[in-house]
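Participant: I'd like to ask you about the structure that follows.
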There are 2 protein chains.
Amino acid sequence: MTLEAAFRYIDDRSEEIVERLVRLCRQPSVSAQNLGLEECARLVQTMMEEVGLQAEILPLTEGPPVVLGRYERPGAQKTLVFYNHYDVQPPEPLELWESDPWAAEIRDGRVYARGAADNKANIASRLSVVDALLKTQGELPCNLIWVVEGEEETGSPHFKEFIERYGSRVRGQGAIWEFGGLDYGDVPAVTLGLKGMLYVELSVKTLGRDAHSANAAIAENPAWRLIRALSTIQDGLGNITVEGWYDDVRPFTPEELEALEREPLDEEQLRRDLGISQFLRGLTGLELKKALAGAPTANIAGLWSGYTGKGHKTVLPAEAHAKMDFRLVPDQDPKKLAQLLREHLEKHGFGDVELKIQAETPAARTPITDPIVRVAAETAREVFGKGPNIHVSSAGSGPLYYFTNALKLPTVAIGCNHPYSNTHAPNENQRIDVLIQGTKWIAAVVERFASA
Amino acid sequence: MTLEAAFRYIDDRSEEIVERLVRLCRQPSVSAQNLGLEECARLVQTMMEEVGLQAEILPLTEGPPVVLGRYERPGAQKTLVFYNHYDVQPPEPLELWESDPWAAEIRDGRVYARGAADNKANIASRLSVVDALLKTQGELPCNLIWVVEGEEETGSPHFKEFIERYGSRVRGQGAIWEFGGLDYGDVPAVTLGLKGMLYVELSVKTLGRDAHSANAAIAENPAWRLIRALSTIQDGLGNITVEGWYDDVRPFTPEELEALEREPLDEEQLRRDLGISQFLRGLTGLELKKALAGAPTANIAGLWSGYTGKGHKTVLPAEAHAKMDFRLVPDQDPKKLAQLLREHLEKHGFGDVELKIQAETPAARTPITDPIVRVAAETAREVFGKGPNIHVSSAGSGPLYYFTNALKLPTVAIGCNHPYSNTHAPNENQRIDVLIQGTKWIAAVVERFASA
């Protein structure tokens, strides 16, 4: 079997693979803060070229560019597409990190850095897949197109433009999404869907300037007003109370429900990981899994008004703000929901609440019956000796819709991720053993996809 | 009239008076941030000694010390007491200041600095009163005791201890409070009362750590929970919905109501100053004045949770916090109200909301019929040629209660303040002309009080 040589190469060069991850992590690339994005795009381009891909940087009208990698095998019938992102979440709150988020310190078999797991490990891994296959086989078994964008963590606001402008160059028969890897218990998992996202900022301004709080007797406090406006959006149990919000929610198919039933979920471990004693509304079992895979959410990601420093200040603030991310499911339309939210606020007397849309991406799911799902599942079993779990949908979001719906690419989310990696949180980390195993998995998928 | 020489002295030395204010302002002294307090106490002591007072620094078990100034006139029957505070509010948000808040820049006849108006102008002014009277008359006409504390802006948490330990050294027949001066239209005003204060921080923690907001589908967001808890405290119109909150509110006396009726209030100017188009609940006329002087308030001074930086981050925060100042009126008891608030939260299912009491001071009012009120009013008319307006109570707070109730000192709030001084806000400033006129007023009050 030709993969044996590639697997041995991957094992022998594991330090080189870790080095690729460390190099990517030491380049900060925070899309929310416009930090280091061009630099990181160039680094990804350079690293693609180093392993033998053609690579170019594609500009967009606004925002960081997309890196497009390419390998053409003469006469190949099949093309596999990779999607990744080189941007990361902001590292704040910095004081909770045990080592500098950009230092990529290695401790106890893990690389600690912002972006280590999400999503630079998968970039390092796929670079290493290309390297291993080219070095051991002289060529890749199929064509490869690799899209690495720089705004995933801010909701991919220009990814739609990328698809419209450059989508004709991203044709293929299947795709591998940015993330994936092991579930709790180190069982590999294949994820078929992603939630969508509507990200908004709500702002209330009731005064011309911050004032002495003695004036609270006679002037409206914007924080009170924002609180009352927000209170109308959610019922305290996680249910969204905006009229029509659930109208377009597509129910699970019988096959999807069956997969959800089979999906293992260690509730105790998940509770411990989140530091909670019980789930929202006491969710458990299938209902808990359905919520993760299929419940629209209304999350307050940020809330602020007035004086938030030490000690006490008696101020009547002029403004109050909230950042909210709404996770969407198929077939909710973010544009329609934004309009519903606007109308909802007006109807409840909060027409003065300013609503800024910061991101909008529909949800997406690949059918469980697609051949790419079988390829991912078979190779998972071969590489890890167990599993895989099939996840109908991640609880997270991403612009998968543009791959599955606009480009008609059946897509699976697999890779080298693992639980307890603290993505989007302090002390994000990537296990090195899973980085290596996940790299073998992707190599096997490339091989199998080409001949499937 | 002996005051003529003192008034001339004050006019001639106006630059020296401004210099005193600038010197005080350049010493940062933020009690909320424990910044420069000891240094400012020593500066006040030094400046008291420079004008001829005895001055000592009295330590407390915790917090910054109190500066006690003293002048003893052999054989004097009467003792006047001054109250001031050397601490100031935090200067944030810094980006809205036109000059450094500690630079004490002079522009257009004003000194711009944090603390310029609140309360360092009145300290500079009273130092200058002592200087002028001693230099022109050789002695003060009565005994003087001067209390300058360092925690007024954080609710005077140790002022009660000061009164208990050192109150026997603060005996007299009348007192002048820290602030006061001109109303809109430059009419002098005499204020007889202050609201009390209950300052609390509410905190909700629902997770062990910040998490990826995909988990919003299954874990409770602390910001939603805090919002719901806060929503039960106030009705959106400024009315506090905690059971029993208004039970002990003392009604205005007929004399107080009459004074309120007479009290001029330029509503248009006040609206413009605050940058609002209408007052809370559409308040106007007597009802507006009653709210300012006598309405308990529940103000959100600070609110924060999750990511409040630029751009967008999709986090499920672990914690949410609010700072609230409740203004109290006679005869509300802050300890009792804190207990009511605790019970209220429990009764509404928010027993997990942590409630930290950061300050508690009862409200106070000097009777409108007290002789010190007449002294202040007569001298105001003499110095300014008009007014004064009598204010039954300020809308603001302070530990006046300990003077009026614990020490039995009838107290009026008068001084060199003026509207548009941006107290507690960016670009706080003190008009130099009012600083000088207010200094004459206090000199006249000292003279008249001694012989009344």
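Labeling convention for the structure tokens: chains A, B, ... as they appear, residues from 1 per chain, ligands from 1 in order of appearance.
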Give one line per residue of chain A that approaches chain B to at most 7 Å, naming the two atoms of the closest pair and their distance in Å to one decimal, counting only C-alpha atoms; sort by chain then ascending residue number and deliver it as a Markdown table.

Facilitator:
| residue | atom | partner | partner_atom | distance |
| --- | --- | --- | --- | --- |
| A:Ala32 | CA | B:Gly311 | CA | 4.4 |
| A:Gln33 | CA | B:Lys310 | CA | 6.2 |
| A:Gln89 | CA | B:Lys313 | CA | 6.6 |
| A:Thr154 | CA | B:His312 | CA | 5.5 |
| A:Thr206 | CA | B:Ile276 | CA | 6.7 |
| A:Leu207 | CA | B:Gly275 | CA | 5.1 |
| A:Gly208 | CA | B:Gly275 | CA | 3.9 |
| A:Arg209 | CA | B:Leu274 | CA | 6.6 |
| A:Asp210 | CA | B:Ala425 | CA | 6.0 |
| A:Ala211 | CA | B:Ala425 | CA | 5.9 |
| A:His212 | CA | B:His424 | CA | 5.5 |
| A:Ser213 | CA | B:Asn299 | CA | 6.9 |
| A:Ala214 | CA | B:Gly396 | CA | 4.9 |
| A:Ala216 | CA | B:Asn299 | CA | 6.0 |
| A:Ala217 | CA | B:Thr297 | CA | 5.7 |
| A:Ile218 | CA | B:Leu280 | CA | 4.9 |
| A:Ala219 | CA | B:Leu280 | CA | 4.8 |
| A:Glu220 | CA | B:Leu280 | CA | 5.5 |
| A:Ala223 | CA | B:Ile300 | CA | 6.5 |
| A:Trp224 | CA | B:Gly236 | CA | 6.6 |
| A:Arg225 | CA | B:Gly236 | CA | 6.9 |
| A:Ile227 | CA | B:Ile227 | CA | 5.7 |
| A:Arg228 | CA | B:Ser231 | CA | 6.7 |
| A:Ser231 | CA | B:Arg228 | CA | 6.7 |
| A:Gly236 | CA | B:Trp224 | CA | 6.6 |
| A:Leu274 | CA | B:Gly208 | CA | 5.8 |
| A:Gly275 | CA | B:Gly208 | CA | 3.9 |
| A:Ile276 | CA | B:Leu207 | CA | 5.4 |
| A:Phe279 | CA | B:Ala219 | CA | 5.2 |
| A:Leu280 | CA | B:Ala219 | CA | 4.8 |
| A:Leu288 | CA | B:Ile218 | CA | 6.9 |
| A:Ala291 | CA | B:Ala217 | CA | 5.8 |
| A:Leu292 | CA | B:Ala217 | CA | 5.8 |
| A:Ala295 | CA | B:Ala217 | CA | 6.3 |
| A:Thr297 | CA | B:Ala217 | CA | 5.7 |
| A:Asn299 | CA | B:Ala216 | CA | 6.0 |
| A:Ile300 | CA | B:Ala223 | CA | 6.5 |
| A:Ala301 | CA | B:Val315 | CA | 5.1 |
| A:Gly302 | CA | B:Gly306 | CA | 4.4 |
| A:Leu303 | CA | B:Ser305 | CA | 5.0 |
| A:Trp304 | CA | B:Trp304 | CA | 4.3 |
| A:Ser305 | CA | B:Leu303 | CA | 5.0 |
| A:Gly306 | CA | B:Gly302 | CA | 4.4 |
| A:Tyr307 | CA | B:Gly302 | CA | 4.5 |
| A:Thr308 | CA | B:Gly302 | CA | 5.3 |
| A:Lys310 | CA | B:Gln33 | CA | 6.2 |
| A:Gly311 | CA | B:Ala32 | CA | 4.4 |
| A:His312 | CA | B:Thr154 | CA | 5.5 |
| A:Lys313 | CA | B:Gln89 | CA | 6.6 |
| A:Thr314 | CA | B:Ala301 | CA | 5.8 |
| A:Val315 | CA | B:Ala301 | CA | 5.1 |
| A:Leu316 | CA | B:Ala301 | CA | 5.8 |
| A:Pro317 | CA | B:Ala301 | CA | 6.6 |
| A:Asp325 | CA | B:Thr314 | CA | 6.5 |
| A:Ala395 | CA | B:Ala214 | CA | 5.0 |
| A:Gly396 | CA | B:Ala214 | CA | 4.9 |
| A:Thr423 | CA | B:His212 | CA | 6.7 |
| A:His424 | CA | B:His212 | CA | 5.5 |
| A:Ala425 | CA | B:Ala211 | CA | 5.9 |

Participant: Excluding Ser128 in chain A and any residue of its chain fewer than 3 positions from it, enumerate the residues within 9 Å of it, using only C-alpha atoms, and give them as a ChimeraX atom specification.

Facilitator: /A:10,13,16-17,20,51,123-125,131-133,439,443

Participant: Pick from A:Leu24, A:Val204, A:Ala113, A:Val44: nearest to Glu354 in chain A, with only C-alpha atoms counted?

Facilitator: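 Of the candidates, the smallest distance to Glu354 in chain A is held by A:Val204.
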
Participant: How many Å separate CA of Trp245 in chain A from CA of Phe350 in chain A?

Facilitator: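 CA of Phe350 in chain A lies 18.1 Å from CA of Trp245 in chain A.
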
Participant: Any idea what's packed within 9 Å of Val111 in chain B, counting only C-alpha atoms, ignoring anything in its chain fewer than 2 positions away? Could you give it as a count of residues only?

Facilitator: 17

Participant: What is the CA of Val242 in chain B-CA of Tyr401 in chain B distance in Å, reported with one decimal?

Facilitator: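 Answer for the CA of Val242 in chain B to CA of Tyr401 in chain B separation: 24.0 Å.
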
Participant: Running DSSP on the backbone, which parts of range 34-279 of chain A land in helix (DSSP H, G or I), as a ChimeraX atom specification?

Facilitator: /A:37-51,94-96,116-137,152-154,159-169,184-186,213-217,222-231,254-262,267-274

Participant: One decimal, Å: what's the distance from CA of Leu140 in chain B over to CA of Gly69 in chain B, could you say?

Facilitator: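 Rounded to one decimal, the two atoms are 13.6 Å apart.
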